[in-house]
>>> print(open('input-v6.cif').read())   # mmCIF, C-alpha atoms
data_query
loop_
_atom_site.label_atom_id
_atom_site.label_comp_id
_atom_site.auth_asym_id
_atom_site.auth_seq_id
_atom_site.Cartn_x
_atom_site.Cartn_y
_atom_site.Cartn_z
CA MET N 1 -1.37 -146.61 -1.63
CA THR N 2 -4.20 -144.17 -1.01
CA ALA N 3 -3.86 -141.44 1.57
CA PRO N 4 -4.72 -142.59 5.14
CA LEU N 5 -8.43 -143.32 5.62
CA GLN N 6 -10.27 -142.67 8.87
CA LEU N 7 -13.74 -143.64 10.05
CA ILE N 8 -14.97 -140.98 12.47
CA GLY N 9 -18.09 -141.34 14.61
CA LEU N 10 -19.83 -138.31 16.15
CA THR N 11 -22.93 -138.64 18.31
CA PHE N 12 -25.55 -135.88 18.59
CA ARG N 13 -29.08 -135.25 19.79
CA LEU N 14 -31.73 -135.35 17.11
CA ASP N 15 -33.30 -131.99 16.40
CA ARG N 16 -34.66 -130.14 13.42
CA ASP N 17 -31.37 -128.58 12.25
CA ALA N 18 -28.69 -131.01 13.47
CA GLU N 19 -28.26 -132.89 10.19
CA SER N 20 -28.22 -129.75 8.02
CA ARG N 21 -25.57 -128.15 10.25
CA LEU N 22 -23.37 -131.24 9.99
CA LEU N 23 -23.75 -131.31 6.19
CA ALA N 24 -22.79 -127.64 6.00
CA GLU N 25 -19.61 -128.35 7.96
CA VAL N 26 -18.80 -131.29 5.66
CA ASP N 27 -18.86 -128.92 2.69
CA ARG N 28 -16.48 -126.56 4.51
CA ILE N 29 -14.06 -129.44 5.22
CA GLU N 30 -13.73 -130.06 1.49
CA GLY N 31 -12.67 -126.50 0.66
CA ARG N 32 -8.91 -126.62 1.37
CA GLY N 33 -7.74 -129.88 -0.18
CA VAL N 34 -6.52 -131.17 3.20
CA LEU N 35 -9.30 -133.66 3.89
CA ARG N 36 -11.83 -135.36 1.65
CA VAL N 37 -15.07 -136.78 3.00
CA LEU N 38 -15.65 -139.91 0.94
CA ASP N 39 -18.86 -140.99 2.60
CA LEU N 40 -21.27 -140.10 5.40
CA VAL N 41 -24.14 -141.96 7.06
CA PHE N 42 -26.52 -141.03 9.87
CA VAL N 43 -27.78 -143.72 12.25
CA ALA N 44 -30.43 -142.91 14.86
CA ARG N 45 -32.18 -144.66 17.73
CA GLY N 46 -35.87 -143.83 18.01
CA GLN N 47 -37.79 -143.40 21.24
CA ASP N 48 -38.97 -147.01 20.88
CA GLY N 49 -35.33 -148.24 20.77
CA THR N 50 -35.28 -149.04 17.06
CA VAL N 51 -31.93 -148.38 15.34
CA GLU N 52 -32.17 -147.28 11.71
CA GLY N 53 -30.28 -145.26 9.11
CA LEU N 54 -31.44 -141.73 8.26
CA GLU N 55 -31.52 -140.15 4.83
CA VAL N 56 -28.57 -137.79 4.37
CA GLY N 57 -29.93 -134.51 2.96
CA ASP N 58 -31.67 -134.04 -0.37
CA ASN N 59 -30.18 -135.43 -3.58
CA GLU N 60 -27.07 -136.60 -1.72
CA ASP N 61 -25.07 -139.63 -2.81
CA PHE N 62 -23.67 -140.62 0.57
CA GLY N 63 -23.88 -144.11 2.01
CA SER N 64 -22.77 -146.42 -0.81
CA LEU N 65 -19.14 -146.83 0.29
CA LEU N 66 -19.82 -147.38 3.99
CA ALA N 67 -22.69 -149.74 3.20
CA SER N 68 -20.20 -152.09 1.54
CA VAL N 69 -17.37 -151.60 4.04
CA ALA N 70 -19.16 -151.47 7.41
CA PRO N 71 -22.85 -152.42 7.00
CA LEU N 72 -25.03 -152.21 10.09
CA GLY N 73 -26.39 -155.52 11.31
CA ALA N 74 -23.64 -157.60 9.65
CA ALA N 75 -23.00 -160.87 11.42
CA ASP N 76 -19.33 -160.91 10.57
CA GLY N 77 -16.82 -158.83 8.65
CA PRO N 78 -13.90 -156.46 9.23
CA ALA N 79 -13.07 -155.22 12.70
CA GLY N 80 -14.52 -151.81 11.83
CA VAL N 81 -17.97 -153.36 11.36
CA ALA N 82 -18.17 -154.44 15.00
CA ALA N 83 -17.04 -151.01 16.17
CA VAL N 84 -19.72 -149.29 14.08
CA GLN N 85 -22.40 -151.67 15.36
CA ASP N 86 -21.28 -151.16 18.99
CA VAL N 87 -21.58 -147.38 18.67
CA ALA N 88 -25.02 -147.67 17.05
CA ASP N 89 -26.24 -150.08 19.78
CA SER N 90 -25.02 -147.74 22.54
CA LEU N 91 -27.11 -144.78 21.38
CA GLU N 92 -29.66 -143.30 23.75
CA PRO N 93 -33.26 -142.99 22.46
CA GLY N 94 -33.68 -139.72 20.56
CA SER N 95 -29.99 -139.51 19.63
CA ALA N 96 -27.98 -140.31 16.51
CA VAL N 97 -24.44 -140.84 15.27
CA ALA N 98 -22.76 -139.56 12.12
CA PHE N 99 -20.11 -141.86 10.61
CA LEU N 100 -17.68 -140.08 8.27
CA LEU N 101 -15.21 -141.90 6.02
CA VAL N 102 -12.41 -139.34 5.64
CA GLU N 103 -9.30 -139.43 3.46
CA HIS N 104 -6.35 -137.47 4.85
CA LEU N 105 -5.02 -135.97 1.62
CA TRP N 106 -2.38 -133.96 3.47
CA ALA N 107 -0.64 -137.19 4.52
CA GLY N 108 -0.60 -138.69 1.01
CA PRO N 109 2.97 -137.56 0.20
CA LEU N 110 4.20 -138.99 3.52
CA VAL N 111 2.61 -142.37 2.75
CA ASP N 112 4.11 -142.31 -0.76
CA ALA N 113 7.57 -141.58 0.65
CA ALA N 114 7.25 -144.42 3.17
CA THR N 115 6.02 -146.81 0.46
CA ALA N 116 8.93 -145.88 -1.81
CA ALA N 117 11.28 -146.75 1.06
CA GLY N 118 9.69 -150.20 1.42
CA GLY N 119 7.43 -149.25 4.32
CA ALA N 120 3.69 -149.18 4.89
CA LEU N 121 1.00 -147.38 6.90
CA VAL N 122 0.57 -149.29 10.19
CA SER N 123 -1.63 -146.97 12.28
CA ASP N 124 -4.11 -144.19 11.65
CA ASP N 125 -6.12 -144.30 14.89
CA PHE N 126 -7.44 -141.21 16.63
CA LEU N 127 -6.93 -140.74 20.36
CA THR N 128 -10.15 -141.69 22.14
CA GLY N 129 -11.47 -142.22 25.64
CA ASP N 130 -9.47 -141.05 28.67
CA ILE N 131 -6.35 -140.32 26.61
CA SER N 132 -8.33 -138.00 24.34
CA LEU N 133 -9.85 -136.21 27.35
CA ALA N 134 -6.43 -135.73 28.99
CA VAL N 135 -4.77 -134.39 25.84
CA GLY N 136 -7.82 -132.23 25.12
CA ALA N 137 -7.64 -130.74 28.63
CA GLU N 138 -3.98 -129.82 28.14
CA ILE N 139 -4.72 -128.22 24.77
CA ALA N 140 -7.66 -126.30 26.26
CA ALA N 141 -5.43 -124.99 29.08
CA VAL N 142 -2.84 -123.77 26.58
CA GLU N 143 -5.53 -122.13 24.44
CA GLU N 144 -7.05 -120.45 27.50
CA ALA N 145 -3.67 -119.08 28.62
CA SER N 146 -3.01 -117.78 25.11
CA ALA N 147 -6.42 -116.13 25.04
CA VAL N 148 -5.78 -114.39 28.40
CA ILE N 149 -2.43 -113.08 27.16
CA ALA N 150 -3.96 -111.87 23.90
CA GLU N 151 -6.81 -110.17 25.79
CA ALA N 152 -4.36 -108.39 28.11
CA GLN N 153 -2.29 -107.21 25.15
CA ALA N 154 -5.42 -105.98 23.39
CA ALA N 155 -6.54 -104.09 26.52
CA GLU N 156 -3.11 -102.48 26.86
CA ALA N 157 -3.11 -101.43 23.22
CA ALA N 158 -6.63 -100.01 23.58
CA ALA N 159 -5.57 -98.00 26.67
CA VAL N 160 -2.60 -96.54 24.78
CA LEU N 161 -4.85 -95.58 21.88
CA ARG N 162 -7.31 -93.90 24.27
CA VAL N 163 -4.50 -91.86 25.83
CA ILE N 164 -3.28 -90.79 22.38
CA ALA N 165 -6.80 -89.86 21.32
CA ALA N 166 -7.44 -87.89 24.53
CA THR N 167 -4.15 -86.01 24.10
CA ALA N 168 -5.02 -85.14 20.51
CA GLU N 169 -8.52 -83.98 21.50
CA ALA N 170 -7.12 -81.78 24.28
CA ALA N 171 -4.60 -80.20 21.92
CA GLU N 172 -7.31 -79.56 19.34
CA ALA N 173 -9.62 -78.01 21.95
CA GLU N 174 -6.84 -75.74 23.12
CA ALA N 175 -6.05 -74.71 19.54
CA VAL N 176 -9.73 -73.97 18.84
CA SER N 177 -9.97 -71.88 22.00
CA GLU N 178 -6.92 -69.87 20.99
CA ARG N 179 -8.30 -69.27 17.50
CA ILE N 180 -11.64 -68.09 18.90
CA GLN N 181 -9.87 -65.81 21.36
CA GLU N 182 -7.69 -64.36 18.62
CA ALA N 183 -10.71 -63.71 16.39
CA ALA N 184 -12.61 -62.07 19.24
CA ALA N 185 -9.61 -59.88 20.05
CA ALA N 186 -9.31 -58.79 16.41
CA ASP N 187 -13.03 -57.92 16.28
CA ALA N 188 -12.79 -55.97 19.54
CA VAL N 189 -9.75 -53.98 18.37
CA ARG N 190 -11.36 -53.21 15.00
CA ALA N 191 -14.46 -51.93 16.80
CA LEU N 192 -12.35 -49.67 19.03
CA ILE N 193 -10.42 -48.33 16.03
CA ALA N 194 -13.69 -47.70 14.13
CA ALA N 195 -15.06 -45.83 17.15
CA GLY N 196 -11.93 -43.68 17.22
CA LEU N 197 -11.04 -44.83 20.72
CA ILE N 198 -7.58 -46.11 19.75
CA GLU N 199 -5.20 -45.62 16.87
CA ALA N 200 -4.35 -48.45 14.47
CA ALA N 201 -0.71 -48.20 15.50
CA ALA N 202 -1.67 -49.02 19.08
CA ALA N 203 -3.55 -52.19 18.21
CA HIS N 204 -1.01 -54.51 19.88
CA GLU N 205 -1.15 -52.60 23.13
CA ALA N 206 -4.96 -52.64 22.96
CA VAL N 207 -5.05 -56.42 22.60
CA THR N 208 -2.75 -56.77 25.60
CA ALA N 209 -4.93 -54.45 27.65
CA LEU N 210 -8.16 -56.26 26.70
CA THR N 211 -6.63 -59.61 27.62
CA ALA N 212 -5.45 -58.30 30.97
CA ALA N 213 -8.92 -56.86 31.66
CA GLY N 214 -10.59 -60.22 30.89
CA LEU N 215 -12.68 -58.73 28.07
CA ILE N 216 -11.23 -61.02 25.44
CA THR N 217 -12.52 -64.09 27.30
CA ASP N 218 -16.09 -62.83 27.27
CA ALA N 219 -15.83 -61.98 23.61
CA ALA N 220 -14.41 -65.42 22.91
CA ALA N 221 -17.35 -67.03 24.69
CA GLN N 222 -19.81 -64.98 22.63
CA ALA N 223 -17.97 -65.93 19.46
CA SER N 224 -18.15 -69.61 20.47
CA GLU N 225 -21.92 -69.38 20.95
CA VAL N 226 -22.30 -67.85 17.50
CA ALA N 227 -20.09 -70.53 15.99
CA VAL N 228 -22.14 -73.30 17.66
CA ALA N 229 -25.39 -71.79 16.41
CA ASP N 230 -24.00 -71.58 12.87
CA ALA N 231 -22.83 -75.19 13.05
CA ALA N 232 -26.26 -76.36 14.26
CA ALA N 233 -27.93 -74.59 11.36
CA THR N 234 -25.48 -76.18 8.94
CA ILE N 235 -26.12 -79.65 10.40
CA ALA N 236 -29.89 -79.17 10.15
CA ALA N 237 -29.59 -78.17 6.52
CA ALA N 238 -27.35 -81.17 5.83
CA ASP N 239 -29.85 -83.51 7.53
CA GLU N 240 -32.68 -82.18 5.40
CA ALA N 241 -30.61 -82.63 2.24
CA ALA N 242 -29.66 -86.16 3.32
CA SER N 243 -33.33 -87.07 3.93
CA GLU N 244 -34.23 -85.89 0.44
CA ALA N 245 -31.31 -87.85 -1.04
CA VAL N 246 -32.39 -91.01 0.83
CA ALA N 247 -35.93 -90.66 -0.50
CA GLU N 248 -34.62 -90.27 -4.04
CA ASP N 249 -32.29 -93.25 -3.56
CA ARG N 250 -35.21 -95.41 -2.39
CA GLU N 251 -37.13 -94.55 -5.52
CA LEU N 252 -34.10 -95.37 -7.67
CA ILE N 253 -33.52 -98.64 -5.79
CA GLY N 254 -37.15 -99.62 -6.25
CA ALA N 255 -36.95 -98.96 -9.96
CA ALA N 256 -33.64 -100.83 -10.19
CA ASP N 257 -35.14 -103.82 -8.36
CA GLU N 258 -37.99 -104.00 -10.85
CA VAL N 259 -35.55 -103.87 -13.76
CA ALA N 260 -33.33 -106.50 -12.13
CA ALA N 261 -36.29 -108.80 -11.47
CA GLU N 262 -37.39 -108.55 -15.08
CA ALA N 263 -33.84 -109.16 -16.31
CA THR N 264 -33.56 -112.19 -14.03
CA LYS N 265 -36.75 -113.70 -15.43
CA GLN N 266 -35.51 -113.20 -18.97
CA ALA N 267 -32.11 -114.71 -18.13
CA GLN N 268 -33.71 -117.74 -16.51
CA ALA N 269 -35.90 -118.25 -19.55
CA ARG N 270 -32.86 -118.15 -21.83
CA MET N 271 -30.95 -120.60 -19.61
CA ARG N 272 -33.79 -123.12 -19.65
CA ALA N 273 -33.87 -122.96 -23.42
CA ALA N 274 -30.10 -123.32 -23.81
CA SER N 275 -28.23 -126.62 -24.12
CA ILE N 276 -26.10 -127.94 -21.28
CA THR N 277 -22.72 -126.27 -20.73
CA ARG N 278 -19.30 -127.90 -20.92
CA SER N 279 -18.95 -127.98 -17.12
CA GLU N 280 -22.35 -129.65 -16.77
CA ALA N 281 -21.42 -132.16 -19.46
CA GLN N 282 -18.32 -133.07 -17.42
CA ILE N 283 -20.53 -133.84 -14.42
CA LEU N 284 -22.94 -135.83 -16.60
CA ARG N 285 -20.16 -138.25 -17.66
CA TYR N 286 -19.75 -139.46 -14.05
CA LEU N 287 -23.40 -139.65 -12.98
CA PRO N 288 -24.07 -143.18 -14.35
CA GLN N 289 -21.21 -144.53 -12.22
CA PRO N 290 -21.70 -145.27 -8.46
CA VAL N 291 -19.14 -142.68 -7.36
CA PRO N 292 -19.88 -139.94 -4.79
CA PHE N 293 -19.70 -136.24 -5.58
CA SER N 294 -16.52 -135.94 -3.49
CA VAL N 295 -14.68 -138.22 -5.94
CA ILE N 296 -16.19 -136.47 -8.97
CA ALA N 297 -15.11 -133.10 -7.55
CA ASP N 298 -11.57 -134.38 -7.04
CA LYS N 299 -11.38 -135.59 -10.64
CA LEU N 300 -12.54 -132.20 -11.93
CA GLY N 301 -10.36 -130.18 -9.53
CA ILE N 302 -13.31 -128.41 -7.88
CA SER N 303 -14.98 -128.50 -4.46
CA ARG N 304 -17.72 -130.98 -3.64
CA SER N 305 -20.28 -128.19 -3.25
CA ALA N 306 -19.34 -126.84 -6.70
CA ALA N 307 -19.84 -130.31 -8.21
CA LYS N 308 -23.26 -130.55 -6.58
CA ASP N 309 -24.20 -127.08 -7.84
CA ARG N 310 -23.29 -128.09 -11.40
CA ALA N 311 -25.37 -131.24 -11.04
CA GLU N 312 -28.35 -129.24 -9.76
CA ARG N 313 -28.09 -126.90 -12.76
CA LEU N 314 -27.94 -129.93 -15.04
CA TYR N 315 -31.09 -131.37 -13.44
CA LYS N 316 -32.97 -128.13 -14.09
CA ARG N 317 -31.90 -128.04 -17.74
CA LEU N 318 -33.02 -131.64 -18.23
CA GLY N 319 -36.26 -131.04 -16.32
CA VAL N 320 -35.57 -133.70 -13.68
CA HIS N 321 -35.10 -133.78 -9.91
CA SER N 322 -32.59 -136.53 -9.16
CA ARG N 323 -29.40 -138.18 -10.33
CA ASP N 324 -31.13 -141.32 -11.62
CA GLU N 325 -33.73 -139.27 -13.50
CA ALA N 326 -30.95 -137.18 -15.07
CA VAL N 327 -29.14 -140.29 -16.31
CA ASN N 328 -32.34 -141.75 -17.82
CA ARG N 329 -33.26 -138.44 -19.44
CA ALA N 330 -29.74 -137.96 -20.85
CA ARG N 331 -29.80 -141.45 -22.36
CA THR N 332 -33.18 -140.77 -23.93
CA LEU N 333 -31.80 -137.59 -25.51
CA GLY N 334 -28.68 -139.38 -26.70
CA LEU N 335 -26.35 -137.41 -24.42
CA LEU N 336 -24.91 -140.59 -22.89
#
>>> encode(input="input-v6.cif", output="structure tokens")
Amino acid sequence: MTAPLQLIGLTFRLDRDAESRLLAEVDRIEGRGVLRVLDLVFVARGQDGTVEGLEVGDNEDFGSLLASVAPLGAADGPAGVAAVQDVADSLEPGSAVAFLLVEHLWAGPLVDAATAAGGALVSDDFLTGDISLAVGAEIAAVEEASAVIAEAQAAEAAAVLRVIAATAEAAEAEAVSERIQEAAAADAVRALIAAGLIEAAAAHEAVTALTAAGLITDAAAQASEVAVADAAATIAAADEAASEAVAEDRELIGAADEVAAEATKQAQARMRAASITRSEAQILRYLPQPVPFSVIADKLGISRSAAKDRAERLYKRLGVHSRDEAVNRARTLGLL
């Protein structure tokens, strides 16, 4: 048996970017090997009430599987057909619905185990309607409570860090003040010794006396002002040097950009002249068959977006713009 399949319907308002945003999310779904989007169709209701399918992106291969399984407008068919038609008929003018056929790869081993034990998959329905709303409300409440707890813990941690930082800054300020005071005291004592007012042997007593008289504090303040002025001059010089370095860097960057642009042109020219690569040849083998890129990607062990990128590179090498044109061109060249 295949992994469980699910047909998901999502309604949305038509706007300029809605479809591209949904396609981008589809590519992200495919990146972890948990889910695989096998097909995707967009159905919209115009302002005049007409229901019609929309084209899914550029050079996409979506729509073939769902067209055969659940075609819109079918008079009879599987139960899923009626459900799809009901959703399409219920659309408001100016709105659309995206139908995704999803394969739950993560559940494949579970299905295999059940099959080996003589069982079978009997249900793969999503919760919808009131049940979905009730369960969703419970999940939202749990998520909200978790977020509040996490926010409180983050605030507490931030407060602790602020206290630690403030304590460190206070200790550093005190240490700086003591160093300035010590330097000022040393300068004052040296000046007194040079003037012959005290003997070198009495330096300790002189420092004590200057401190008691409050002269050391004034000297420390003067020393601080000098230190600040020196620091400002150093910063100004550094700023000037940085400005010159930035100007030189801009010139170098400009020159590098020119070199890079020229190198890019040359590389593109060489690529257009080269034959197709092995990875592109692998993609080419599957293009004549009516299989979507999601299946091709699975066969090659790559993501759907990577498979599409390889196909786009192949189109450029062959000088075409679509899958059908690539197949025709490859057959003409004897590649298929």
>>> residues_around(input="input-v6.cif", residues="N:Ser64", least_positions_apart="6", cutoff="12 Å", atoms="all atoms listed in the file", output="short mmCIF file (atom, residue, chain, number, x, y, z; two decimals) with C-alpha atoms, keeping the file's coordinate frame")
data_model
loop_
_atom_site.label_atom_id
_atom_site.label_comp_id
_atom_site.auth_asym_id
_atom_site.auth_seq_id
_atom_site.Cartn_x
_atom_site.Cartn_y
_atom_site.Cartn_z
CA LEU N 38 -15.65 -139.91 0.94
CA ASP N 39 -18.86 -140.99 2.60
CA LEU N 40 -21.27 -140.10 5.40
CA VAL N 41 -24.14 -141.96 7.06
CA VAL N 56 -28.57 -137.79 4.37
CA ALA N 70 -19.16 -151.47 7.41
CA PRO N 71 -22.85 -152.42 7.00
CA LEU N 101 -15.21 -141.90 6.02
CA GLN N 289 -21.21 -144.53 -12.22
CA PRO N 290 -21.70 -145.27 -8.46
CA VAL N 291 -19.14 -142.68 -7.36
CA PRO N 292 -19.88 -139.94 -4.79
CA PHE N 293 -19.70 -136.24 -5.58
#
>>> residues_around(input="input-v6.cif", residues="N:Pro4", least_positions_apart="4", cutoff="8 Å", atoms="only C-alpha atoms", output="list of chain:residue names")
N:Glu103, N:His104, N:Leu105, N:Ala107, N:Gly108, N:Val111, N:Leu121, N:Asp124
>>> resolve_selection(input="input-v6.cif", expression="the PyMOL selection byres ((chain N and resi 44) around 10)", output="list in words")
Thr11, Phe12, Arg13, Leu14, Phe42, Val43, Arg45, Gly46, Gln47, Gly49, Thr50, Val51, Glu52, Gly53, Leu54, Ala88, Asp89, Leu91, Glu92, Pro93, Gly94, Ser95, Ala96, Val97 and Ala98 of chain N
>>> atom_distance(input="input-v6.cif", atom1="atom CA of N:Val37", atom2="atom CA of N:Glu55")
16.9 Å
>>> atom_distance(input="input-v6.cif", atom1="atom CA of N:Leu336", atom2="atom CA of N:Ile302")
22.5 Å
>>> closest_residue(input="input-v6.cif", among="N:Ala3, N:Gln85, N:Asp298, N:Ala171", to="N:Leu110", atoms="all atoms listed in the file")
N:Ala3
>>> atom_distance(input="input-v6.cif", atom1="atom CA of N:Leu66", atom2="atom CA of N:Asp112")
24.9 Å
>>> axis_aligned_box(input="input-v6.cif", around="stretch 37-53 of chain N", padding_each_side="4 Å", output="JSON")
{"center_x": -27.0, "center_y": -142.9, "center_z": 11.1, "size_x": 31.9, "size_y": 20.3, "size_z": 28.3}
>>> closest_residue(input="input-v6.cif", among="N:Leu318, N:Leu100, N:Ile276, N:Arg28", to="N:Arg304", atoms="only C-alpha atoms")
N:Arg28
>>> residues_around(input="input-v6.cif", residues="N:Leu314", least_positions_apart="6", cutoff="8 Å", atoms="only C-alpha atoms", output="VMD selection string")
chain N and resid 276 280 284 326
>>> write_last_selection(input="input-v6.cif", atoms="C-alpha atoms", output="PDB file, in the frame of the given file")
ATOM      1  CA  ILE N 276     -26.100-127.940 -21.280  1.00  0.00           C
ATOM      2  CA  GLU N 280     -22.350-129.650 -16.770  1.00  0.00           C
ATOM      3  CA  LEU N 284     -22.940-135.830 -16.600  1.00  0.00           C
ATOM      4  CA  ALA N 326     -30.950-137.180 -15.070  1.00  0.00           C
TER       5      ALA N 326
END
